[in-house]
>>> print(open('query_23.pdb').read())   # PDB, C-alpha atoms (C1' of nucleotides)
ATOM      1  CA  MET A  27       0.000   0.000   0.000
ATOM      2  CA  ASP A  28       2.677   2.464  -0.980
ATOM      3  CA  ASP A  29       1.600   4.573  -3.877
ATOM      4  CA  GLN A  30      -1.469   6.682  -4.138
ATOM      5  CA  LEU A  31      -2.994   4.607  -6.910
ATOM      6  CA  SER A  32      -2.985   1.586  -4.645
ATOM      7  CA  ARG A  33      -4.545   3.567  -1.866
ATOM      8  CA  VAL A  34      -7.285   4.948  -4.096
ATOM      9  CA  PHE A  35      -8.221   1.607  -5.623
ATOM     10  CA  SER A  36      -8.090  -0.022  -2.242
ATOM     11  CA  ALA A  37     -10.261   2.670  -0.705
ATOM     12  CA  LEU A  38     -12.922   2.210  -3.358
ATOM     13  CA  ALA A  39     -12.882  -1.551  -3.058
ATOM     14  CA  ASP A  40     -15.194  -1.307  -0.065
ATOM     15  CA  PRO A  41     -18.945  -0.964  -0.774
ATOM     16  CA  ILE A  42     -19.556   1.243   2.257
ATOM     17  CA  ARG A  43     -16.780   3.600   1.224
ATOM     18  CA  ARG A  44     -18.069   3.729  -2.346
ATOM     19  CA  ASP A  45     -21.507   4.572  -1.052
ATOM     20  CA  MET A  46     -20.069   7.296   1.131
ATOM     21  CA  VAL A  47     -18.338   8.765  -1.884
ATOM     22  CA  ALA A  48     -21.612   8.599  -3.770
ATOM     23  CA  ARG A  49     -23.359  10.513  -1.030
ATOM     24  CA  LEU A  50     -20.563  13.011  -0.640
ATOM     25  CA  ALA A  51     -20.838  13.756  -4.321
ATOM     26  CA  VAL A  52     -24.238  15.199  -3.485
ATOM     27  CA  ALA A  53     -23.374  17.116  -0.369
ATOM     28  CA  ASP A  54     -20.767  17.452   2.348
ATOM     29  CA  ALA A  55     -21.661  15.697   5.576
ATOM     30  CA  GLY A  56     -20.519  15.047   9.111
ATOM     31  CA  VAL A  57     -19.456  11.670  10.434
ATOM     32  CA  ASN A  58     -22.649  10.941  12.327
ATOM     33  CA  GLU A  59     -24.723  11.931   9.379
ATOM     34  CA  LEU A  60     -22.669   9.674   7.143
ATOM     35  CA  ALA A  61     -22.860   6.784   9.561
ATOM     36  CA  GLU A  62     -26.602   6.826   9.906
ATOM     37  CA  PRO A  63     -27.638   4.582   6.982
ATOM     38  CA  TYR A  64     -25.153   1.835   7.743
ATOM     39  CA  ASP A  65     -25.376  -0.922  10.230
ATOM     40  CA  VAL A  66     -21.998  -0.241  11.785
ATOM     41  CA  SER A  67     -20.744   1.947  14.588
ATOM     42  CA  VAL A  68     -19.794   5.573  14.148
ATOM     43  CA  GLN A  69     -16.224   4.655  14.953
ATOM     44  CA  ALA A  70     -16.112   2.254  12.052
ATOM     45  CA  VAL A  71     -17.303   5.007   9.725
ATOM     46  CA  SER A  72     -14.662   7.304  11.148
ATOM     47  CA  LYS A  73     -12.076   4.691  10.201
ATOM     48  CA  HIS A  74     -13.489   4.453   6.707
ATOM     49  CA  LEU A  75     -13.202   8.187   6.375
ATOM     50  CA  LYS A  76      -9.601   8.032   7.432
ATOM     51  CA  VAL A  77      -8.954   5.578   4.637
ATOM     52  CA  LEU A  78     -10.685   7.816   2.109
ATOM     53  CA  GLU A  79      -8.754  10.800   3.385
ATOM     54  CA  GLU A  80      -5.402   9.061   3.141
ATOM     55  CA  ALA A  81      -6.272   8.146  -0.403
ATOM     56  CA  GLY A  82      -6.855  11.816  -1.121
ATOM     57  CA  LEU A  83     -10.481  11.237  -1.996
ATOM     58  CA  VAL A  84     -11.829  13.304   0.823
ATOM     59  CA  SER A  85     -10.863  16.213   3.019
ATOM     60  CA  ARG A  86     -12.082  17.264   6.447
ATOM     61  CA  THR A  87     -12.352  20.889   7.389
ATOM     62  CA  LYS A  88     -12.690  21.840  10.983
ATOM     63  CA  GLN A  89     -15.816  23.826  11.642
ATOM     64  CA  ALA A  90     -16.811  24.319  15.283
ATOM     65  CA  GLN A  91     -17.051  20.894  16.874
ATOM     66  CA  ARG A  92     -18.148  19.384  13.600
ATOM     67  CA  ARG A  93     -15.866  17.936  10.951
ATOM     68  CA  PRO A  94     -17.627  18.245   7.628
ATOM     69  CA  VAL A  95     -16.304  15.841   5.034
ATOM     70  CA  HIS A  96     -15.759  17.066   1.504
ATOM     71  CA  LEU A  97     -15.229  15.023  -1.632
ATOM     72  CA  GLU A  98     -12.098  15.792  -3.645
ATOM     73  CA  ALA A  99     -12.862  14.877  -7.221
ATOM     74  CA  GLU A 100      -9.321  15.419  -8.442
ATOM     75  CA  VAL A 101      -7.993  12.014  -7.540
ATOM     76  CA  PHE A 102     -10.492  10.400  -9.825
ATOM     77  CA  ASP A 103      -8.412  11.619 -12.720
ATOM     78  CA  LEU A 104      -5.511   9.541 -11.520
ATOM     79  CA  MET A 105      -7.565   6.386 -11.822
ATOM     80  CA  THR A 106      -9.220   7.349 -15.055
ATOM     81  CA  LYS A 107      -5.855   8.014 -16.631
ATOM     82  CA  TRP A 108      -4.475   4.671 -15.564
ATOM     83  CA  ILE A 109      -7.535   2.784 -16.712
ATOM     84  CA  GLU A 110      -7.850   4.555 -20.019
ATOM     85  CA  ARG A 111      -4.223   4.041 -20.819
ATOM     86  CA  TYR A 112      -4.348   0.287 -20.675
ATOM     87  CA  ARG A 113      -7.817  -0.053 -22.060
ATOM     88  CA  ARG A 114      -6.728   1.938 -25.069
ATOM     89  CA  GLN A 115      -3.593  -0.151 -25.395
ATOM     90  CA  ALA A 116      -5.575  -3.368 -25.209
ATOM     91  CA  GLU A 117      -8.035  -2.165 -27.785
ATOM     92  CA  GLU A 118      -5.239  -1.038 -30.041
ATOM     93  CA  ARG A 119      -3.689  -4.454 -29.803
ATOM     94  CA  TYR A 120      -7.018  -6.009 -30.598
ATOM     95  CA  ARG A 121      -7.367  -3.879 -33.673
ATOM     96  CA  ARG A 122      -3.895  -4.723 -34.908
ATOM     97  CA  LEU A 123      -4.542  -8.372 -34.308
ATOM     98  CA  ASP A 124      -7.570  -8.131 -36.540
ATOM     99  CA  ASP A 125      -5.380  -6.649 -39.248
ATOM    100  CA  VAL A 126      -2.960  -9.500 -38.940
ATOM    101  CA  LEU A 127      -5.780 -11.963 -39.190
ATOM    102  CA  ALA A 128      -7.215 -10.295 -42.213
ATOM    103  CA  GLU A 129      -3.827 -10.597 -43.807
ATOM    104  CA  MET A 130      -3.537 -14.192 -42.872
ATOM    105  CA  ASP A 131      -5.895 -15.446 -45.536
ATOM    106  CA  THR A 132      -3.342 -14.701 -48.187
ATOM    107  CA  GLU A 133      -0.329 -16.074 -46.433
ATOM    108  CA  GLN A 134      -0.193 -19.436 -44.799
ATOM    109  CA  SER A 135       2.389 -19.328 -42.092
ATOM    110  CA  PRO A 136       2.061 -21.509 -39.029
ATOM    111  CA  ILE A 137       1.281 -18.745 -36.612
ATOM    112  CA  ASP A 138      -0.768 -19.167 -33.516
ATOM    113  CA  THR A 139      -4.401 -18.727 -34.202
ATOM    114  CA  ARG A 140      -5.845 -19.134 -30.782
ATOM    115  CA  HIS A 141      -7.312 -16.137 -29.128
ATOM    116  CA  THR A 142      -7.852 -14.650 -32.426
ATOM    117  CA  GLU A 143     -11.528 -15.181 -32.808
ATOM    118  CA  ARG A 144     -13.879 -13.097 -30.784
ATOM    119  CA  GLY A 145     -12.044 -14.531 -27.816
ATOM    120  CA  ALA A 146     -13.562 -12.006 -25.507
ATOM    121  CA  SER A 147     -15.863 -13.728 -23.141
TER     122      SER A 147
ATOM    123  CA  MET B   3     -16.248  -8.546  -1.588
ATOM    124  CA  ASP B   4     -19.567  -9.330  -3.139
ATOM    125  CA  ASP B   5     -20.159  -7.297  -6.229
ATOM    126  CA  GLN B   6     -17.972  -7.091  -9.264
ATOM    127  CA  LEU B   7     -17.067  -3.462  -8.725
ATOM    128  CA  SER B   8     -15.547  -4.345  -5.371
ATOM    129  CA  ARG B   9     -13.638  -7.202  -6.910
ATOM    130  CA  VAL B  10     -12.286  -5.051  -9.719
ATOM    131  CA  PHE B  11     -11.160  -2.197  -7.490
ATOM    132  CA  SER B  12      -9.700  -4.638  -5.028
ATOM    133  CA  ALA B  13      -7.860  -6.488  -7.771
ATOM    134  CA  LEU B  14      -6.249  -3.302  -9.027
ATOM    135  CA  ALA B  15      -5.269  -2.166  -5.552
ATOM    136  CA  ASP B  16      -2.193  -4.374  -5.739
ATOM    137  CA  PRO B  17       0.874  -2.983  -7.555
ATOM    138  CA  ILE B  18       1.923  -6.376  -8.888
ATOM    139  CA  ARG B  19      -1.499  -7.019 -10.304
ATOM    140  CA  ARG B  20      -1.609  -3.577 -11.875
ATOM    141  CA  ASP B  21       1.746  -4.219 -13.447
ATOM    142  CA  MET B  22       0.545  -7.537 -14.786
ATOM    143  CA  VAL B  23      -2.436  -5.809 -16.342
ATOM    144  CA  ALA B  24      -0.088  -3.261 -17.877
ATOM    145  CA  ARG B  25       2.009  -6.007 -19.396
ATOM    146  CA  LEU B  26      -0.980  -7.981 -20.559
ATOM    147  CA  ALA B  27      -2.220  -4.925 -22.381
ATOM    148  CA  VAL B  28       0.804  -5.386 -24.624
ATOM    149  CA  ALA B  29       0.648  -9.119 -25.155
ATOM    150  CA  ASP B  30      -0.828 -12.298 -23.763
ATOM    151  CA  ALA B  31       1.518 -14.276 -21.578
ATOM    152  CA  GLY B  32       1.896 -17.471 -19.612
ATOM    153  CA  VAL B  33       2.188 -17.659 -15.863
ATOM    154  CA  ASN B  34       5.923 -18.288 -15.726
ATOM    155  CA  GLU B  35       6.532 -15.535 -18.175
ATOM    156  CA  LEU B  36       4.447 -13.187 -16.088
ATOM    157  CA  ALA B  37       6.124 -14.212 -12.871
ATOM    158  CA  GLU B  38       9.627 -13.657 -14.105
ATOM    159  CA  PRO B  39      10.099  -9.948 -13.290
ATOM    160  CA  TYR B  40       8.763 -10.186  -9.778
ATOM    161  CA  ASP B  41      10.500 -11.345  -6.693
ATOM    162  CA  VAL B  42       7.806 -13.783  -5.689
ATOM    163  CA  SER B  43       7.086 -17.421  -6.383
ATOM    164  CA  VAL B  44       5.175 -18.609  -9.412
ATOM    165  CA  GLN B  45       2.421 -19.804  -7.108
ATOM    166  CA  ALA B  46       1.935 -16.327  -5.768
ATOM    167  CA  VAL B  47       1.561 -15.027  -9.307
ATOM    168  CA  SER B  48      -0.906 -17.775 -10.030
ATOM    169  CA  LYS B  49      -2.960 -16.560  -7.088
ATOM    170  CA  HIS B  50      -2.804 -12.996  -8.360
ATOM    171  CA  LEU B  51      -4.087 -14.205 -11.690
ATOM    172  CA  LYS B  52      -6.962 -15.937  -9.995
ATOM    173  CA  VAL B  53      -7.915 -12.660  -8.383
ATOM    174  CA  LEU B  54      -7.743 -10.845 -11.699
ATOM    175  CA  GLU B  55      -9.769 -13.582 -13.326
ATOM    176  CA  GLU B  56     -12.499 -13.507 -10.696
ATOM    177  CA  ALA B  57     -12.695  -9.772 -11.187
ATOM    178  CA  GLY B  58     -13.293 -10.387 -14.875
ATOM    179  CA  LEU B  59     -10.161  -8.527 -15.860
ATOM    180  CA  VAL B  60      -8.460 -11.516 -17.355
ATOM    181  CA  SER B  61      -9.241 -14.841 -18.988
ATOM    182  CA  ARG B  62      -7.200 -17.990 -19.308
ATOM    183  CA  THR B  63      -7.500 -20.277 -22.279
ATOM    184  CA  LYS B  64      -6.116 -23.735 -22.144
ATOM    185  CA  GLN B  65      -3.497 -24.447 -24.745
ATOM    186  CA  ALA B  66      -1.473 -27.607 -24.317
ATOM    187  CA  GLN B  67       0.074 -27.468 -20.891
ATOM    188  CA  ARG B  68       0.284 -23.725 -21.047
ATOM    189  CA  ARG B  69      -2.361 -21.338 -19.842
ATOM    190  CA  PRO B  70      -2.023 -18.101 -21.778
ATOM    191  CA  VAL B  71      -3.550 -15.167 -19.957
ATOM    192  CA  HIS B  72      -5.546 -12.621 -21.894
ATOM    193  CA  LEU B  73      -6.640  -9.166 -20.783
ATOM    194  CA  GLU B  74     -10.356  -8.411 -20.976
ATOM    195  CA  ALA B  75     -10.685  -4.676 -21.386
ATOM    196  CA  GLU B  76     -14.452  -4.659 -21.038
ATOM    197  CA  VAL B  77     -14.549  -4.490 -17.271
ATOM    198  CA  PHE B  78     -12.695  -1.221 -17.335
ATOM    199  CA  ASP B  79     -15.897   0.393 -18.514
ATOM    200  CA  LEU B  80     -17.595  -0.598 -15.309
ATOM    201  CA  MET B  81     -15.079   1.367 -13.300
ATOM    202  CA  THR B  82     -14.943   4.290 -15.654
ATOM    203  CA  LYS B  83     -18.703   4.621 -15.527
ATOM    204  CA  TRP B  84     -18.760   4.581 -11.746
ATOM    205  CA  ILE B  85     -15.934   7.062 -11.443
ATOM    206  CA  GLU B  86     -17.232   9.424 -14.070
ATOM    207  CA  ARG B  87     -20.683   9.450 -12.585
ATOM    208  CA  TYR B  88     -19.613  10.749  -9.236
ATOM    209  CA  ARG B  89     -16.901  12.973 -10.524
ATOM    210  CA  ARG B  90     -19.420  14.627 -12.781
ATOM    211  CA  GLN B  91     -21.861  14.910  -9.921
ATOM    212  CA  ALA B  92     -19.255  16.461  -7.677
ATOM    213  CA  GLU B  93     -18.257  18.933 -10.347
ATOM    214  CA  GLU B  94     -21.874  19.782 -10.996
ATOM    215  CA  ARG B  95     -22.369  20.451  -7.346
ATOM    216  CA  TYR B  96     -19.300  22.607  -7.358
ATOM    217  CA  ARG B  97     -20.651  24.635 -10.224
ATOM    218  CA  ARG B  98     -24.006  25.098  -8.544
ATOM    219  CA  LEU B  99     -22.316  26.088  -5.341
ATOM    220  CA  ASP B 100     -20.541  28.813  -7.204
ATOM    221  CA  ASP B 101     -23.877  29.997  -8.505
ATOM    222  CA  VAL B 102     -25.309  29.999  -5.041
ATOM    223  CA  LEU B 103     -22.352  31.889  -3.718
ATOM    224  CA  ALA B 104     -22.577  34.422  -6.463
ATOM    225  CA  GLU B 105     -26.205  34.876  -5.586
ATOM    226  CA  MET B 106     -25.569  35.124  -1.923
ATOM    227  CA  ASP B 107     -25.004  38.848  -1.967
ATOM    228  CA  THR B 108     -28.693  39.360  -2.487
ATOM    229  CA  GLU B 109     -30.319  36.498  -0.612
ATOM    230  CA  GLN B 110     -29.541  34.952   2.739
ATOM    231  CA  SER B 111     -30.742  31.353   2.486
ATOM    232  CA  PRO B 112     -28.755  28.204   3.333
ATOM    233  CA  ILE B 113     -27.340  25.982   0.677
ATOM    234  CA  ASP B 114     -29.785  23.956  -1.298
ATOM    235  CA  THR B 115     -29.354  20.230  -0.930
ATOM    236  CA  ARG B 116     -32.339  18.806  -2.655
ATOM    237  CA  HIS B 117     -30.910  16.245  -4.982
ATOM    238  CA  THR B 118     -32.089  12.943  -3.733
ATOM    239  CA  GLU B 119     -30.678  10.588  -6.240
ATOM    240  CA  ARG B 120     -28.188   8.181  -4.830
ATOM    241  CA  GLY B 121     -27.252   4.988  -6.556
ATOM    242  CA  ALA B 122     -26.209   1.825  -4.853
ATOM    243  CA  SER B 123     -22.642   0.939  -5.454
TER     244      SER B 123
ATOM    245  C1'  DG C  25       7.179 -46.068 -20.442
ATOM    246  C1'  DT C  26      10.074 -41.939 -17.921
ATOM    247  C1'  DT C  27      11.141 -37.195 -17.553
ATOM    248  C1'  DC C  28      10.582 -32.243 -17.968
ATOM    249  C1'  DT C  29       7.666 -28.250 -18.095
ATOM    250  C1'  DT C  30       3.834 -25.533 -16.783
ATOM    251  C1'  DC C  31       0.627 -24.630 -13.782
ATOM    252  C1'  DT C  32      -2.596 -25.277  -9.717
ATOM    253  C1'  DC C  33      -3.979 -26.973  -5.080
ATOM    254  C1'  DA C  34      -3.396 -27.414  -0.018
ATOM    255  C1'  DA C  35      -1.612 -26.156   4.278
ATOM    256  C1'  DC C  36       0.511 -22.943   6.804
ATOM    257  C1'  DC C  37       2.284 -18.172   8.553
ATOM    258  C1'  DG C  38       2.331 -13.113   9.531
ATOM    259  C1'  DC C  39       0.021  -9.104   9.211
ATOM    260  C1'  DA C  40      -3.252  -5.700   8.074
ATOM    261  C1'  DA C  41      -8.334  -4.647   7.493
ATOM    262  C1'  DG C  42     -12.787  -4.053   9.301
ATOM    263  C1'  DG C  43     -15.507  -4.626  13.096
ATOM    264  C1'  DT C  44     -16.478  -4.038  18.173
ATOM    265  C1'  DT C  45     -16.542  -1.519  22.955
ATOM    266  C1'  DG C  46     -14.958   1.940  26.163
ATOM    267  C1'  DA C  47     -12.787   6.039  27.126
ATOM    268  C1'  DA C  48     -11.156  10.642  25.911
ATOM    269  C1'  DC C  49     -11.160  15.195  23.847
ATOM    270  C1'  DA C  50     -12.965  19.665  21.966
ATOM    271  C1'  DA C  51     -16.464  23.048  21.578
ATOM    272  C1'  DG C  52     -21.110  24.936  22.437
ATOM    273  C1'  DG C  53     -25.195  25.459  25.301
ATOM    274  C1'  DA C  54     -27.637  25.126  29.935
TER     275       DA C  54
ATOM    276  C1'  DT D  13     -19.601  25.149  36.100
ATOM    277  C1'  DC D  14     -21.675  20.822  34.161
ATOM    278  C1'  DC D  15     -23.800  18.534  30.275
ATOM    279  C1'  DT D  16     -24.436  17.350  25.574
ATOM    280  C1'  DT D  17     -22.868  16.685  20.898
ATOM    281  C1'  DG D  18     -19.573  15.202  17.500
ATOM    282  C1'  DT D  19     -15.595  12.933  16.719
ATOM    283  C1'  DT D  20     -11.421  10.331  17.455
ATOM    284  C1'  DC D  21      -8.142   7.172  20.022
ATOM    285  C1'  DA D  22      -6.864   2.710  22.153
ATOM    286  C1'  DA D  23      -7.428  -2.219  22.784
ATOM    287  C1'  DC D  24      -9.022  -6.084  21.255
ATOM    288  C1'  DC D  25     -10.990  -9.870  18.063
ATOM    289  C1'  DT D  26     -11.715 -12.289  13.794
ATOM    290  C1'  DT D  27     -11.230 -12.724   9.007
ATOM    291  C1'  DG D  28      -8.950 -12.406   4.738
ATOM    292  C1'  DC D  29      -4.834 -11.471   1.944
ATOM    293  C1'  DG D  30      -0.289 -12.078   0.174
ATOM    294  C1'  DG D  31       3.478 -14.744   0.816
ATOM    295  C1'  DT D  32       5.779 -19.307   1.478
ATOM    296  C1'  DT D  33       6.789 -24.555   0.653
ATOM    297  C1'  DG D  34       5.451 -29.162  -0.883
ATOM    298  C1'  DA D  35       2.894 -31.990  -3.589
ATOM    299  C1'  DG D  36       0.204 -33.241  -7.619
ATOM    300  C1'  DA D  37      -2.226 -32.982 -12.409
ATOM    301  C1'  DA D  38      -1.739 -32.543 -17.437
ATOM    302  C1'  DG D  39       0.831 -32.513 -21.613
ATOM    303  C1'  DA D  40       4.961 -32.594 -24.455
ATOM    304  C1'  DA D  41       9.349 -34.604 -25.324
ATOM    305  C1'  DC D  42      12.634 -38.077 -24.787
TER     306       DC D  42
END
>>> encode(input="query_23.pdb", output="structure tokens")
Amino acid sequence: MDDQLSRVFSALADPIRRDMVARLAVADAGVNELAEPYDVSVQAVSKHLKVLEEAGLVSRTKQAQRRPVHLEAEVFDLMTKWIERYRRQAEERYRRLDDVLAEMDTEQSPIDTRHTERGAS
Amino acid sequence: MDDQLSRVFSALADPIRRDMVARLAVADAGVNELAEPYDVSVQAVSKHLKVLEEAGLVSRTKQAQRRPVHLEAEVFDLMTKWIERYRRQAEERYRRLDDVLAEMDTEQSPIDTRHTERGAS
DNA sequence: GTTCTTCTCAACCGCAAGGTTGAACAAGGA
DNA sequence: TCCTTGTTCAACCTTGCGGTTGAGAAGAAC
């Protein structure tokens, strides 16, 4: 759990934390408020928030005795970039593979042909 | 770790697994081949692959005694959709907040929070 | 046949994650 | 001052994860 990417993915791997993010996208909220819908203690939610905060997904501003939690949308870009990069790469490879296959009708070299058909499944 | 989204995020929370995905985006590979760069046993890598497979990120086709691993880019969409949804929502809220703030010189009402939509994760 | 390669399964270990309860702290309000 | 509210800290427990080693299954090659 070193790099930020690991922390972010890990943070969002938990359904409760994802739901909290979903709710924080609508409005900032305090810990008690956030904890209300779930069947766990307030302390547990506080821990979840700590995880989200360390991942950079959330920030807490001190306001009186409350600690409103605010969603930081920036970090999402980090994930999106990573994902898009490899998805694009995979799709590119797929496309090139199709080209190779299309060319393979003319030539007859003993190249691997597995995985070449609509292997996605 | 019930739903697929949890499995996918969890799978990508590990640096080794992310690196494997990165390499598989370039070309399919066998387990030994994949294990080579890392300082862990082949069995450990096999376990990592199982995780990736159960997340739907990867598929293994049987070919002789080898088990080539293939990246399935589809699942990425699942994540991207989730991420984009809430990022967009957060940005939208930000924009509206600016509007409210701009309007606050004239009126004196608290911030409007009446969006009620909240999706399950 | 036997042997080598590739990969997975099973059992175990150490440690961190997510949960609990109980106590503490900080800031308003009575 | 004392009390209430909101939040976190400290211990503890149990479960799951990532790693190990050892053995075994399935084919290819000899």
>>> resolve_selection(input="query_23.pdb", expression="the PyMOL selection byres ((chain A) within 10 of (chain B))", output="PDB file with C-alpha atoms, in the coordinates of the input")
ATOM      1  CA  MET A  27       0.000   0.000   0.000  1.00  0.00           C
ATOM      2  CA  ASP A  28       2.677   2.464  -0.980  1.00  0.00           C
ATOM      3  CA  ASP A  29       1.600   4.573  -3.877  1.00  0.00           C
ATOM      4  CA  GLN A  30      -1.469   6.682  -4.138  1.00  0.00           C
ATOM      5  CA  LEU A  31      -2.994   4.607  -6.910  1.00  0.00           C
ATOM      6  CA  SER A  32      -2.985   1.586  -4.645  1.00  0.00           C
ATOM      7  CA  ARG A  33      -4.545   3.567  -1.866  1.00  0.00           C
ATOM      8  CA  VAL A  34      -7.285   4.948  -4.096  1.00  0.00           C
ATOM      9  CA  PHE A  35      -8.221   1.607  -5.623  1.00  0.00           C
ATOM     10  CA  SER A  36      -8.090  -0.022  -2.242  1.00  0.00           C
ATOM     11  CA  ALA A  37     -10.261   2.670  -0.705  1.00  0.00           C
ATOM     12  CA  LEU A  38     -12.922   2.210  -3.358  1.00  0.00           C
ATOM     13  CA  ALA A  39     -12.882  -1.551  -3.058  1.00  0.00           C
ATOM     14  CA  ASP A  40     -15.194  -1.307  -0.065  1.00  0.00           C
ATOM     15  CA  PRO A  41     -18.945  -0.964  -0.774  1.00  0.00           C
ATOM     16  CA  ILE A  42     -19.556   1.243   2.257  1.00  0.00           C
ATOM     17  CA  ARG A  43     -16.780   3.600   1.224  1.00  0.00           C
ATOM     18  CA  ARG A  44     -18.069   3.729  -2.346  1.00  0.00           C
ATOM     19  CA  ASP A  45     -21.507   4.572  -1.052  1.00  0.00           C
ATOM     20  CA  MET A  46     -20.069   7.296   1.131  1.00  0.00           C
ATOM     21  CA  VAL A  47     -18.338   8.765  -1.884  1.00  0.00           C
ATOM     22  CA  ALA A  48     -21.612   8.599  -3.770  1.00  0.00           C
ATOM     23  CA  ARG A  49     -23.359  10.513  -1.030  1.00  0.00           C
ATOM     24  CA  LEU A  50     -20.563  13.011  -0.640  1.00  0.00           C
ATOM     25  CA  ALA A  51     -20.838  13.756  -4.321  1.00  0.00           C
ATOM     26  CA  VAL A  52     -24.238  15.199  -3.485  1.00  0.00           C
ATOM     27  CA  ALA A  53     -23.374  17.116  -0.369  1.00  0.00           C
ATOM     28  CA  ASP A  54     -20.767  17.452   2.348  1.00  0.00           C
ATOM     29  CA  HIS A  96     -15.759  17.066   1.504  1.00  0.00           C
ATOM     30  CA  LEU A  97     -15.229  15.023  -1.632  1.00  0.00           C
ATOM     31  CA  GLU A  98     -12.098  15.792  -3.645  1.00  0.00           C
ATOM     32  CA  ALA A  99     -12.862  14.877  -7.221  1.00  0.00           C
ATOM     33  CA  GLU A 100      -9.321  15.419  -8.442  1.00  0.00           C
ATOM     34  CA  VAL A 101      -7.993  12.014  -7.540  1.00  0.00           C
ATOM     35  CA  PHE A 102     -10.492  10.400  -9.825  1.00  0.00           C
ATOM     36  CA  ASP A 103      -8.412  11.619 -12.720  1.00  0.00           C
ATOM     37  CA  MET A 105      -7.565   6.386 -11.822  1.00  0.00           C
ATOM     38  CA  THR A 106      -9.220   7.349 -15.055  1.00  0.00           C
ATOM     39  CA  LYS A 107      -5.855   8.014 -16.631  1.00  0.00           C
ATOM     40  CA  TRP A 108      -4.475   4.671 -15.564  1.00  0.00           C
ATOM     41  CA  ILE A 109      -7.535   2.784 -16.712  1.00  0.00           C
ATOM     42  CA  GLU A 110      -7.850   4.555 -20.019  1.00  0.00           C
ATOM     43  CA  ARG A 111      -4.223   4.041 -20.819  1.00  0.00           C
ATOM     44  CA  TYR A 112      -4.348   0.287 -20.675  1.00  0.00           C
ATOM     45  CA  ARG A 113      -7.817  -0.053 -22.060  1.00  0.00           C
ATOM     46  CA  ARG A 114      -6.728   1.938 -25.069  1.00  0.00           C
ATOM     47  CA  GLN A 115      -3.593  -0.151 -25.395  1.00  0.00           C
ATOM     48  CA  ALA A 116      -5.575  -3.368 -25.209  1.00  0.00           C
ATOM     49  CA  GLU A 117      -8.035  -2.165 -27.785  1.00  0.00           C
ATOM     50  CA  GLU A 118      -5.239  -1.038 -30.041  1.00  0.00           C
ATOM     51  CA  ARG A 119      -3.689  -4.454 -29.803  1.00  0.00           C
ATOM     52  CA  TYR A 120      -7.018  -6.009 -30.598  1.00  0.00           C
ATOM     53  CA  ARG A 140      -5.845 -19.134 -30.782  1.00  0.00           C
ATOM     54  CA  HIS A 141      -7.312 -16.137 -29.128  1.00  0.00           C
ATOM     55  CA  GLY A 145     -12.044 -14.531 -27.816  1.00  0.00           C
ATOM     56  CA  ALA A 146     -13.562 -12.006 -25.507  1.00  0.00           C
ATOM     57  CA  SER A 147     -15.863 -13.728 -23.141  1.00  0.00           C
TER      58      SER A 147
END
>>> atom_distance(input="query_23.pdb", atom1="CA of Leu80 in chain B", atom2="CA of Ala81 in chain A")
20.7 Å
>>> resolve_selection(input="query_23.pdb", expression="the PyMOL selection byres ((chain D and resi 21) around 12)", output="count of residues only")
11
>>> closest_residue(input="query_23.pdb", among="B:Gln67, B:Gly32, B:Leu51, B:Glu38", to="chain D", atoms="only C-alpha atoms (C1' of nucleotides)")
B:Gln67
>>> atom_distance(input="query_23.pdb", atom1="CA of Leu54 in chain B", atom2="C1' of DC28 in chain C")
28.9 Å
>>> atom_distance(input="query_23.pdb", atom1="CA of Ala46 in chain B", atom2="C1' of DT32 in chain C")
10.8 Å
>>> resolve_selection(input="query_23.pdb", expression="the PyMOL selection byres ((chain D) within 8 of (chain B))", output="number ranges by chain")
D: 30-31, 38-40
>>> closest_residue(input="query_23.pdb", among="B:Ala37, B:Leu59, B:Val44, B:Ala31", to="chain C", atoms="all atoms listed in the file")
B:Val44
>>> residues_near_point(input="query_23.pdb", point="(-6.7, -9.9, 9.2)", cutoff="9 Å", atoms="only C-alpha atoms (C1' of nucleotides)", output="PyMOL selection string")
(chain C and resi 39-42) or (chain D and resi 26-29)
>>> interface_residues(input="query_23.pdb", of="chain C", to="chain A", cutoff="9 Å", atoms="all atoms listed in the file", output="list in words")
DG42, DG43, DT44, DA50, DA51 and DG52 of chain C
>>> build_atoms(input="query_23.pdb", residues="range 43-49 of chain A", atoms="N, CA and C atoms", output="compact mmCIF listing (two decimals), keeping the file's coordinate frame")
# COMPACT_ATOMS: atom_id res chain seq x y z
N ARG A 43 -17.53 2.41 1.60
CA ARG A 43 -16.78 3.60 1.22
C ARG A 43 -17.25 4.14 -0.12
N ARG A 44 -17.56 3.24 -1.06
CA ARG A 44 -18.07 3.73 -2.35
C ARG A 44 -19.38 4.45 -2.15
N ASP A 45 -20.22 3.92 -1.29
CA ASP A 45 -21.51 4.57 -1.05
C ASP A 45 -21.31 5.93 -0.39
N MET A 46 -20.34 6.01 0.49
CA MET A 46 -20.07 7.30 1.13
C MET A 46 -19.62 8.31 0.09
N VAL A 47 -18.77 7.87 -0.81
CA VAL A 47 -18.34 8.76 -1.88
C VAL A 47 -19.54 9.21 -2.70
N ALA A 48 -20.42 8.27 -2.99
CA ALA A 48 -21.61 8.60 -3.77
C ALA A 48 -22.44 9.67 -3.07
N ARG A 49 -22.55 9.54 -1.77
CA ARG A 49 -23.36 10.51 -1.03
C ARG A 49 -22.64 11.84 -0.90
